[in-house]
$ cat protein.txt   # compact mmCIF, C-alpha atoms
# COMPACT_ATOMS: atom_id res chain seq x y z
CA MET U 1490 -138.98 56.32 -151.83
CA THR U 1491 -136.94 59.25 -153.02
CA THR U 1492 -138.09 62.55 -151.56
CA SER U 1493 -138.15 65.31 -154.13
CA VAL U 1494 -137.38 68.75 -152.75
CA ASP U 1495 -137.21 72.16 -154.37
CA PHE U 1496 -134.44 74.48 -153.30
CA TRP U 1497 -134.51 78.12 -154.37
CA ILE U 1498 -131.31 80.05 -153.89
CA ASP U 1499 -129.64 83.27 -154.80
CA PRO U 1500 -126.09 81.94 -154.89
CA MET U 1501 -124.71 85.43 -154.16
CA SER U 1502 -125.98 85.12 -150.57
CA PRO U 1503 -123.30 83.53 -148.35
CA TRP U 1504 -126.01 82.47 -145.88
CA ALA U 1505 -127.82 80.64 -148.66
CA TRP U 1506 -124.57 79.14 -149.92
CA THR U 1507 -123.92 77.33 -146.63
CA THR U 1508 -127.40 75.78 -146.83
CA ALA U 1509 -126.90 74.77 -150.46
CA ARG U 1510 -123.66 73.01 -149.57
CA TRP U 1511 -125.47 71.22 -146.74
CA LEU U 1512 -128.17 70.03 -149.10
CA GLU U 1513 -125.52 68.72 -151.50
CA GLU U 1514 -124.14 66.73 -148.58
CA VAL U 1515 -127.60 65.45 -147.62
CA GLN U 1516 -128.02 64.08 -151.16
CA THR U 1517 -125.14 61.70 -150.48
CA ILE U 1518 -126.54 60.31 -147.21
CA ARG U 1519 -130.35 60.49 -147.55
CA ASP U 1520 -132.66 59.41 -150.34
CA ILE U 1521 -133.53 62.85 -151.70
CA LYS U 1522 -133.50 64.52 -155.07
CA VAL U 1523 -133.02 68.27 -155.12
CA ASN U 1524 -134.44 70.49 -157.83
CA TRP U 1525 -132.02 73.44 -157.81
CA ARG U 1526 -133.89 76.62 -158.65
CA VAL U 1527 -133.11 80.31 -158.55
CA MET U 1528 -134.47 83.20 -156.60
CA CYS U 1529 -133.06 86.70 -156.68
CA LEU U 1530 -132.04 89.10 -153.92
CA ALA U 1531 -132.73 92.08 -156.19
CA ILE U 1532 -136.37 90.99 -156.46
CA LEU U 1533 -136.57 90.34 -152.70
CA HIS U 1534 -135.53 93.95 -152.09
CA GLU U 1535 -137.77 95.53 -154.76
CA ASN U 1536 -140.44 96.46 -152.26
CA ASP U 1537 -138.28 97.56 -149.35
CA GLU U 1538 -139.99 100.32 -147.38
CA THR U 1539 -136.72 102.18 -147.05
CA PRO U 1540 -134.52 101.82 -150.13
CA PRO U 1541 -131.23 100.01 -149.41
CA PRO U 1542 -127.96 102.02 -149.36
CA ALA U 1543 -126.65 102.96 -152.82
CA GLN U 1544 -123.67 100.61 -152.64
CA PHE U 1545 -125.90 97.67 -151.74
CA GLN U 1546 -128.33 98.58 -154.54
CA GLU U 1547 -125.46 98.44 -156.98
CA TRP U 1548 -124.45 95.02 -155.64
CA LEU U 1549 -128.07 93.83 -155.88
CA LYS U 1550 -128.10 94.55 -159.62
CA GLY U 1551 -125.45 91.86 -159.95
CA THR U 1552 -127.79 89.26 -158.52
CA TRP U 1553 -129.92 89.69 -161.64
CA LEU U 1554 -126.93 88.75 -163.81
CA VAL U 1555 -126.41 85.54 -161.88
CA ALA U 1556 -130.04 84.45 -161.94
CA ARG U 1557 -130.31 85.21 -165.67
CA ALA U 1558 -127.14 83.23 -166.43
CA VAL U 1559 -128.42 80.21 -164.50
CA GLU U 1560 -131.77 80.28 -166.30
CA ALA U 1561 -130.02 80.78 -169.64
CA ALA U 1562 -127.94 77.68 -168.89
CA ARG U 1563 -131.10 75.76 -168.05
CA ALA U 1564 -132.75 76.80 -171.31
CA ASP U 1565 -129.63 75.94 -173.28
CA SER U 1566 -128.48 72.72 -171.63
CA GLY U 1567 -130.97 71.63 -168.97
CA ASP U 1568 -131.26 71.39 -165.17
CA GLU U 1569 -127.88 69.79 -164.56
CA ALA U 1570 -126.10 72.59 -166.42
CA ALA U 1571 -128.06 75.15 -164.40
CA ARG U 1572 -127.05 73.42 -161.16
CA ALA U 1573 -123.40 73.28 -162.17
CA LEU U 1574 -123.32 76.95 -163.12
CA LEU U 1575 -125.13 77.96 -159.94
CA PHE U 1576 -122.54 76.16 -157.82
CA ALA U 1577 -119.59 77.44 -159.85
CA ILE U 1578 -120.73 81.05 -159.47
CA GLY U 1579 -121.51 80.50 -155.78
CA ARG U 1580 -118.11 78.97 -155.12
CA MET U 1581 -116.18 81.70 -156.90
CA SER U 1582 -118.19 84.42 -155.13
CA ASN U 1583 -118.48 83.01 -151.61
CA VAL U 1584 -115.46 80.77 -151.19
CA ASP U 1585 -112.89 82.39 -153.49
CA ARG U 1586 -114.44 85.80 -152.73
CA ASN U 1587 -113.97 87.01 -156.26
CA ARG U 1588 -115.91 90.31 -156.36
CA ASP U 1589 -115.59 90.89 -160.10
CA LEU U 1590 -118.98 89.47 -161.00
CA PRO U 1591 -118.83 89.69 -164.82
CA ALA U 1592 -115.48 87.89 -164.65
CA VAL U 1593 -116.94 85.28 -162.28
CA ILE U 1594 -119.85 84.58 -164.61
CA GLU U 1595 -117.56 84.30 -167.63
CA ALA U 1596 -115.17 81.96 -165.81
CA ALA U 1597 -118.01 79.85 -164.40
CA VAL U 1598 -119.67 79.50 -167.80
CA SER U 1599 -116.34 78.42 -169.25
CA GLU U 1600 -115.64 75.99 -166.38
CA CYS U 1601 -119.03 74.34 -166.90
CA GLY U 1602 -118.34 73.96 -170.63
CA LEU U 1603 -121.30 76.13 -171.54
CA PRO U 1604 -121.45 78.41 -174.57
CA ALA U 1605 -120.37 82.04 -174.22
CA SER U 1606 -123.91 83.06 -175.19
CA ILE U 1607 -124.87 82.29 -171.56
CA THR U 1608 -122.57 85.08 -170.39
CA ASP U 1609 -124.13 87.45 -172.88
CA ALA U 1610 -127.65 86.46 -171.79
CA ALA U 1611 -126.84 87.64 -168.26
CA THR U 1612 -126.78 91.24 -169.47
CA THR U 1613 -130.08 91.08 -171.39
CA THR U 1614 -133.64 90.89 -170.11
CA GLU U 1615 -134.35 87.73 -172.12
CA PHE U 1616 -134.66 85.50 -169.04
CA ASP U 1617 -136.14 88.02 -166.60
CA ALA U 1618 -139.64 86.56 -166.85
CA VAL U 1619 -138.30 83.06 -166.17
CA VAL U 1620 -136.30 84.33 -163.19
CA ARG U 1621 -139.34 86.14 -161.80
CA ALA U 1622 -141.54 83.07 -162.20
CA SER U 1623 -139.00 80.95 -160.35
CA HIS U 1624 -138.60 83.55 -157.61
CA ASP U 1625 -142.36 83.97 -157.27
CA ALA U 1626 -142.79 80.23 -156.84
CA ALA U 1627 -140.35 80.35 -153.91
CA VAL U 1628 -142.10 83.29 -152.26
CA ALA U 1629 -145.51 81.72 -152.82
CA LEU U 1630 -144.33 78.74 -150.78
CA GLY U 1631 -142.10 80.35 -148.14
CA GLY U 1632 -143.72 83.73 -147.73
CA LYS U 1633 -142.81 87.31 -148.52
CA ASP U 1634 -141.11 88.44 -145.34
CA VAL U 1635 -138.35 85.87 -145.33
CA GLY U 1636 -135.30 85.57 -147.56
CA THR U 1637 -133.11 83.19 -149.49
CA PRO U 1638 -132.83 80.19 -149.52
CA ILE U 1639 -136.29 78.64 -149.57
CA LEU U 1640 -136.61 74.89 -149.13
CA GLY U 1641 -139.76 73.32 -150.55
CA ILE U 1642 -140.28 70.10 -148.65
CA PRO U 1643 -143.24 67.74 -148.11
CA GLY U 1644 -145.48 69.10 -145.34
CA PRO U 1645 -148.05 67.53 -143.01
CA ASP U 1646 -150.36 66.37 -145.82
CA GLY U 1647 -147.60 65.55 -148.30
CA THR U 1648 -147.95 68.76 -150.30
CA ALA U 1649 -144.96 71.06 -150.21
CA VAL U 1650 -144.38 73.68 -147.55
CA GLY U 1651 -141.74 76.35 -147.96
CA LEU U 1652 -139.21 77.03 -145.25
CA PHE U 1653 -136.68 79.83 -145.19
CA GLY U 1654 -133.45 78.07 -144.34
CA PRO U 1655 -132.31 76.13 -142.48
CA VAL U 1656 -129.96 79.09 -142.12
CA VAL U 1657 -126.57 77.83 -140.96
CA SER U 1658 -123.41 79.79 -140.20
CA GLN U 1659 -121.32 76.82 -141.28
CA THR U 1660 -122.18 73.82 -143.43
CA PRO U 1661 -122.91 70.67 -141.43
CA ARG U 1662 -121.23 67.61 -142.92
CA GLY U 1663 -121.61 63.88 -142.47
CA ASP U 1664 -123.70 62.74 -139.53
CA ALA U 1665 -124.56 66.31 -138.50
CA ALA U 1666 -125.87 67.01 -142.01
CA GLY U 1667 -128.10 63.96 -141.79
CA ARG U 1668 -129.42 64.88 -138.35
CA LEU U 1669 -130.25 68.39 -139.52
CA TRP U 1670 -132.12 66.96 -142.49
CA ASP U 1671 -134.09 64.54 -140.29
CA GLY U 1672 -134.95 67.39 -137.94
CA VAL U 1673 -136.06 69.71 -140.73
CA VAL U 1674 -138.31 66.98 -142.14
CA LEU U 1675 -140.00 66.52 -138.75
CA ILE U 1676 -140.43 70.26 -138.29
CA ALA U 1677 -141.81 70.72 -141.81
CA GLN U 1678 -144.39 68.04 -141.09
CA THR U 1679 -145.73 69.89 -138.05
CA PRO U 1680 -148.96 71.72 -138.96
CA GLY U 1681 -148.60 75.44 -138.37
CA PHE U 1682 -144.87 75.56 -137.66
CA TYR U 1683 -143.64 79.10 -138.24
CA GLU U 1684 -140.32 79.87 -136.65
CA LEU U 1685 -137.23 78.73 -134.78
CA LYS U 1686 -134.50 81.31 -134.55
CA LYS U 1687 -131.55 82.75 -132.78
CA GLU U 1688 -129.59 85.87 -133.39
CA ARG U 1689 -126.78 85.58 -135.93
CA THR U 1690 -123.83 86.24 -133.67
CA GLU U 1691 -121.38 84.07 -135.58
CA LYS U 1692 -119.90 85.06 -138.92
CA VAL U 1693 -120.90 82.93 -141.86
CA TRP U 1694 -118.21 80.50 -143.00
CA CYS U 1695 -118.34 79.48 -146.67
CA ASP U 1696 -116.47 76.50 -148.04
CA MET B 231 -133.60 65.33 -121.43
CA LYS B 232 -133.30 68.57 -119.50
CA VAL B 233 -134.93 71.66 -120.99
CA THR B 234 -135.04 75.25 -119.83
CA PHE B 235 -138.05 77.26 -120.99
CA TRP B 236 -138.23 81.04 -120.54
CA PHE B 237 -141.66 82.65 -120.95
CA ASP B 238 -143.49 85.91 -120.55
CA PRO B 239 -147.02 84.96 -119.45
CA MET B 240 -148.68 87.65 -121.59
CA CYS B 241 -147.34 86.43 -124.95
CA PRO B 242 -149.87 84.20 -126.77
CA TRP B 243 -147.18 82.55 -128.93
CA ALA B 244 -145.12 81.65 -125.85
CA TRP B 245 -148.31 80.26 -124.35
CA ILE B 246 -148.83 77.92 -127.29
CA THR B 247 -145.22 76.76 -127.20
CA SER B 248 -145.41 76.20 -123.43
CA ARG B 249 -148.55 74.07 -123.83
CA TRP B 250 -146.73 72.13 -126.55
CA VAL B 251 -143.89 71.44 -124.10
CA LEU B 252 -146.44 70.04 -121.63
CA GLU B 253 -147.78 67.78 -124.40
CA VAL B 254 -144.21 66.68 -125.17
CA GLN B 255 -143.79 65.64 -121.54
CA LYS B 256 -146.61 63.12 -122.03
CA VAL B 257 -144.85 61.38 -124.92
CA ARG B 258 -141.13 62.02 -124.39
CA ASP B 259 -138.81 61.94 -121.37
CA VAL B 260 -138.35 65.67 -120.85
CA ASP B 261 -137.59 67.50 -117.61
CA VAL B 262 -138.50 71.19 -117.83
CA ASN B 263 -137.00 74.02 -115.82
CA TRP B 264 -139.52 76.89 -116.19
CA GLN B 265 -138.10 80.40 -116.01
CA VAL B 266 -139.27 83.95 -116.62
CA MET B 267 -138.30 86.36 -119.36
CA SER B 268 -139.87 89.73 -119.99
CA LEU B 269 -141.66 91.47 -122.83
CA GLY B 270 -140.97 94.66 -120.90
CA VAL B 271 -137.23 94.14 -121.18
CA LEU B 272 -137.42 92.86 -124.77
CA ASN B 273 -139.24 95.98 -125.90
CA GLU B 274 -137.43 98.62 -123.90
CA GLY B 275 -137.10 101.73 -126.05
CA ASN B 276 -139.76 100.52 -128.51
CA ASP B 277 -142.46 103.18 -128.34
CA SER B 278 -144.01 102.39 -131.73
CA SER B 279 -147.49 103.29 -130.47
CA PRO B 280 -149.01 104.50 -127.18
CA LYS B 281 -151.14 101.36 -127.00
CA PHE B 282 -148.11 99.12 -127.39
CA ALA B 283 -146.12 101.14 -124.86
CA ASP B 284 -148.99 100.75 -122.39
CA MET B 285 -149.11 96.98 -122.96
CA ILE B 286 -145.36 96.72 -122.38
CA LYS B 287 -145.65 98.73 -119.19
CA ARG B 288 -148.39 96.41 -117.92
CA ALA B 289 -146.29 93.39 -118.91
CA TRP B 290 -143.91 94.11 -116.03
CA ARG B 291 -146.61 93.31 -113.48
CA PRO B 292 -147.10 89.56 -113.90
CA VAL B 293 -143.37 88.80 -114.23
CA ARG B 294 -142.63 90.69 -111.02
CA VAL B 295 -145.28 88.64 -109.23
CA LEU B 296 -143.88 85.43 -110.71
CA HIS B 297 -140.47 86.31 -109.33
CA ALA B 298 -141.89 87.23 -105.93
CA ALA B 299 -143.55 83.81 -105.86
CA GLN B 300 -140.38 82.09 -107.09
CA GLN B 301 -138.34 83.69 -104.31
CA LEU B 302 -140.89 82.51 -101.75
CA LYS B 303 -141.66 79.02 -103.07
CA GLY B 304 -138.85 78.08 -105.46
CA ASP B 305 -138.85 77.27 -109.18
CA GLU B 306 -141.66 74.72 -108.77
CA ILE B 307 -144.26 77.47 -108.34
CA LEU B 308 -143.54 79.02 -111.75
CA LEU B 309 -145.40 76.54 -113.97
CA PRO B 310 -148.63 76.41 -111.93
CA LEU B 311 -148.67 80.19 -111.54
CA TYR B 312 -147.91 80.66 -115.25
CA THR B 313 -150.71 78.27 -116.14
CA ALA B 314 -153.15 80.07 -113.84
CA MET B 315 -152.19 83.42 -115.37
CA GLY B 316 -152.10 82.14 -118.94
CA ASN B 317 -155.50 80.53 -118.76
CA ARG B 318 -156.92 83.92 -117.85
CA PHE B 319 -154.91 85.99 -120.33
CA HIS B 320 -155.25 83.70 -123.31
CA LEU B 321 -158.31 81.49 -122.86
CA GLU B 322 -160.61 83.77 -120.86
CA LYS B 323 -159.23 86.88 -122.64
CA GLN B 324 -159.07 88.73 -119.33
CA LYS B 325 -157.49 92.09 -120.17
CA ASP B 326 -157.15 93.40 -116.63
CA VAL B 327 -153.67 92.35 -115.53
CA ASP B 328 -154.42 92.98 -111.86
CA VAL B 329 -157.49 90.72 -111.98
CA VAL B 330 -155.40 88.01 -113.61
CA ILE B 331 -152.73 88.32 -110.92
CA ALA B 332 -155.20 88.25 -108.02
CA GLU B 333 -157.15 85.27 -109.36
CA ALA B 334 -154.02 83.34 -110.30
CA LEU B 335 -152.45 83.81 -106.88
CA ALA B 336 -155.65 82.56 -105.26
CA GLU B 337 -155.84 79.56 -107.57
CA VAL B 338 -152.37 78.31 -106.69
CA GLY B 339 -152.86 79.05 -102.98
CA LEU B 340 -150.48 81.97 -102.66
CA ASP B 341 -151.07 84.93 -100.38
CA ALA B 342 -152.91 87.80 -102.03
CA SER B 343 -150.31 90.21 -100.70
CA LEU B 344 -147.85 88.92 -103.32
CA ALA B 345 -149.79 91.05 -105.81
CA GLN B 346 -148.08 94.07 -104.29
CA ALA B 347 -144.90 93.00 -106.08
CA ALA B 348 -146.59 93.98 -109.36
CA VAL B 349 -146.20 97.68 -108.62
CA SER B 350 -142.86 97.50 -106.83
CA THR B 351 -139.43 97.47 -108.46
CA ASP B 352 -138.07 95.06 -105.84
CA PHE B 353 -137.95 92.15 -108.26
CA ASP B 354 -136.86 94.00 -111.39
CA ASP B 355 -133.19 93.06 -111.03
CA SER B 356 -134.12 89.44 -110.54
CA VAL B 357 -136.43 89.48 -113.61
CA ARG B 358 -133.69 91.14 -115.65
CA ALA B 359 -131.15 88.53 -114.58
CA SER B 360 -133.45 85.66 -115.59
CA HIS B 361 -134.22 87.39 -118.88
CA ALA B 362 -130.50 87.87 -119.51
CA ASP B 363 -129.94 84.11 -119.08
CA ALA B 364 -132.37 83.50 -121.96
CA ILE B 365 -130.94 86.20 -124.19
CA ALA B 366 -127.41 84.96 -123.59
CA LEU B 367 -128.44 81.84 -125.53
CA SER B 368 -130.89 83.15 -128.14
CA GLY B 369 -129.44 86.60 -128.75
CA SER B 370 -131.34 89.81 -128.17
CA GLY B 371 -132.94 90.31 -131.58
CA VAL B 372 -135.64 87.70 -131.06
CA GLY B 373 -138.57 87.23 -128.70
CA THR B 374 -140.29 85.02 -126.17
CA PRO B 375 -140.27 82.06 -125.56
CA VAL B 376 -136.67 80.91 -125.46
CA ILE B 377 -136.06 77.20 -125.17
CA ALA B 378 -132.71 75.64 -124.37
CA ILE B 379 -131.24 72.15 -124.31
CA ASP B 380 -127.68 70.82 -124.23
CA ASP B 381 -125.90 70.09 -127.49
CA LEU B 382 -124.05 66.82 -128.06
CA GLU B 383 -121.01 68.18 -126.23
CA GLY B 384 -123.03 69.25 -123.21
CA ASN B 385 -123.06 72.97 -123.96
CA PRO B 386 -126.39 74.82 -123.72
CA VAL B 387 -128.01 75.94 -126.98
CA GLY B 388 -131.08 78.16 -127.00
CA PHE B 389 -133.59 79.34 -129.58
CA PHE B 390 -136.57 81.62 -129.86
CA GLY B 391 -139.54 79.37 -130.59
CA PRO B 392 -140.56 77.00 -131.92
CA ILE B 393 -143.42 79.28 -132.95
CA VAL B 394 -146.36 77.14 -133.98
CA THR B 395 -150.14 77.25 -134.08
CA PRO B 396 -152.31 75.42 -133.14
CA ILE B 397 -150.79 73.61 -130.14
CA PRO B 398 -149.32 70.32 -131.40
CA ARG B 399 -150.81 67.41 -129.45
CA GLY B 400 -149.82 63.80 -128.84
CA GLU B 401 -147.39 62.25 -131.26
CA VAL B 402 -147.39 65.37 -133.46
CA ALA B 403 -146.01 67.21 -130.43
CA GLY B 404 -143.46 64.44 -129.95
CA ARG B 405 -142.26 64.61 -133.54
CA LEU B 406 -141.83 68.39 -133.39
CA TRP B 407 -139.79 67.83 -130.25
CA ASP B 408 -137.63 65.22 -131.98
CA GLY B 409 -137.13 67.61 -134.89
CA PHE B 410 -136.26 70.48 -132.60
CA VAL B 411 -133.66 68.45 -130.73
CA LEU B 412 -132.06 67.21 -133.96
CA VAL B 413 -131.87 70.71 -135.41
CA ALA B 414 -130.81 72.50 -132.23
CA GLN B 415 -127.90 70.14 -131.63
CA VAL B 416 -126.31 70.79 -135.02
CA PRO B 417 -123.60 73.47 -134.68
CA GLY B 418 -124.27 76.65 -136.61
CA VAL B 419 -128.04 76.43 -137.09
CA VAL B 420 -129.58 79.87 -136.64
CA GLU B 421 -132.99 79.95 -138.29
CA ILE B 422 -135.88 78.09 -139.90
CA LYS B 423 -138.94 80.17 -140.70
CA ARG B 424 -142.13 80.55 -142.70
CA THR B 425 -144.26 83.63 -143.06
CA ARG B 426 -146.98 83.52 -140.40
CA LEU B 427 -150.25 82.93 -142.19
CA SER B 428 -152.54 82.90 -139.16
CA GLY B 429 -152.63 84.37 -135.68
CA PRO B 430 -152.12 82.34 -132.52
CA GLU B 431 -154.82 79.77 -131.73
CA VAL B 432 -154.32 79.60 -127.99
CA ASN B 433 -156.44 76.57 -127.14
$ encode --input "protein.txt" --output "structure tokens"
Amino acid sequence: MTTSVDFWIDPMSPWAWTTARWLEEVQTIRDIKVNWRVMCLAILHENDETPPPAQFQEWLKGTWLVARAVEAARADSGDEAARALLFAIGRMSNVDRNRDLPAVIEAAVSECGLPASITDAATTTEFDAVVRASHDAAVALGGKDVGTPILGIPGPDGTAVGLFGPVVSQTPRGDAAGRLWDGVVLIAQTPGFYELKKERTEKVWCD
Amino acid sequence: MKVTFWFDPMCPWAWITSRWVLEVQKVRDVDVNWQVMSLGVLNEGNDSSPKFADMIKRAWRPVRVLHAAQQLKGDEILLPLYTAMGNRFHLEKQKDVDVVIAEALAEVGLDASLAQAAVSTDFDDSVRASHADAIALSGSGVGTPVIAIDDLEGNPVGFFGPIVTPIPRGEVAGRLWDGFVLVAQVPGVVEIKRTRLSGPEVN
């Protein structure tokens, strides 16, 4: 039976990008269906006790543009269009390291064959409520003090539990991707599992 | 499979994970090397509150005694002495560290004079060295316990955790173990986490 999982990502996060790429790989070797959803780093940082540095705040504003564009694509053309746009923006930002975000969004919208109105929607508040609802659903499942991505996966009693991660510094492929999936499933099914962690000493590698 | 498990006996979360490891040994072929790490070292320089600072200061005592016992009796003494201490700290809620040490030493048949190590710095270097072995694998920004196995190429990989409550038992414990091994042996994995919704249930 196909396992349906929800995956919430802010594609501007390189550490979430590596996990998204892993999950894409898992889809080819395990019987899962991923619902690609958005969350937003700007919302995650709204309630920071100490406000982030000005430069980072400016960067965070851009994460709103991305999330709005993805939801605009979903409203216009459905889930598959949203997924395609999410991955196009993520690739251009994390792999090609294009830092000109408005240009990235415009190019990604064009690459996905979506109407230019999607690009325009990124700069309006039209989809903010939809973005917030999607983000809130992720946080409701994974918890407030974690980050992006959140994986919603069947838990001990079959209802979904939310896990932050698995955070990976490089994307596992092939057999390693499958083993990580199998391990995450077992961990998610353990009642009361909270944390497995090591310090991030390696740089994140996006491809 | 060989496992190394570093604990501080005063940490309730490490206690739960250690009891899980004992459950795993009933259902999987796992050989555990028990070692000490230290809340005192982990929290050096953290003086967030006087109460916390006092707890951290007291946390040096049991680990010094554990190392005094280890030097005398070898690694094999660490698990029984940890269990004797942990039962008192976590199940009996004994707050007096010196009472815990004295009773635990008696329970495992060690000389009461070993308790003197609690207030001496003789074993601090040895505790620090053991702690450093754990941190070399998990990194310093985490906590206790640290658990390590070999990856598929035979290199050690270590993580903080798994943090879980209540103690997984039987086959549930076995499946968490299987999941841990699968995840830990994939290169590049650094974190899986949920917000903690409840405190540690130590029994």
$ closest_residue --input "protein.txt" --among "U:Lys1686, U:Arg1526, U:Arg1572, U:Arg1557" --to "Thr1614 in chain U" --atoms "only C-alpha atoms"
U:Arg1557
$ residues_near_point --input "protein.txt" --point "(-152.6, 79.9, -109.2)" --cutoff "7 Å" --atoms "all atoms listed in the file" --output "list of chain:residue names"
B:Pro310, B:Leu311, B:Ala314, B:Ala334, B:Leu335, B:Ala336, B:Glu337, B:Val338, B:Gly339
$ closest_residue --input "protein.txt" --among "U:Cys1695, U:Ile1642, U:Val1635, U:Ile1607" --to "chain B" --atoms "all atoms listed in the file"
U:Val1635
$ closest_residue --input "protein.txt" --among "U:Thr1492, U:Thr1508, U:Thr1539, U:Gln1516" --to "Leu1640 in chain U" --atoms "only C-alpha atoms"
U:Thr1508
$ interface_residues --input "protein.txt" --of "chain U" --to "chain B" --cutoff "10 Å" --atoms "all atoms listed in the file" --output "PyMOL selection string"
chain U and resi 1508+1628+1630-1636+1639-1640+1645+1650-1662+1664-1694
$ atom_distance --input "protein.txt" --atom1 "CA of Ile1532 in chain U" --atom2 "CA of Arg1510 in chain U"
23.1 Å
$ residues_around --input "protein.txt" --residues "range 1609-1612 of chain U" --least-positions-apart "5" --cutoff "12 Å" --atoms "all atoms listed in the file" --output "list in words"
Lys1550, Gly1551, Thr1552, Trp1553, Leu1554, Val1555, Ala1556, Arg1557, Ala1558, Val1559, Glu1560, Ala1561, Ala1562, Arg1563, Ala1564, Asp1565, Leu1590, Pro1591, Ala1592, Val1593, Ile1594, Glu1595, Val1598, Leu1603, Pro1604, Asp1617 and Val1620 of chain U
$ closest_residue --input "protein.txt" --among "B:Met231, B:Phe319, B:Arg288, B:Leu344" --to "Lys303 in chain B" --atoms "all atoms listed in the file"
B:Leu344
$ closest_residue --input "protein.txt" --among "U:Thr1491, U:Ala1597, U:Trp1497, U:Glu1538" --to "Arg1621 in chain U" --atoms "all atoms listed in the file"
U:Trp1497
$ closest_residue --input "protein.txt" --among "B:Glu431, B:Glu333, B:Asp355, B:Asp259" --to "Trp243 in chain B" --atoms "all atoms listed in the file"
B:Glu431
$ atom_distance --input "protein.txt" --atom1 "CA of Trp250 in chain B" --atom2 "CA of Thr1648 in chain U"
24.0 Å
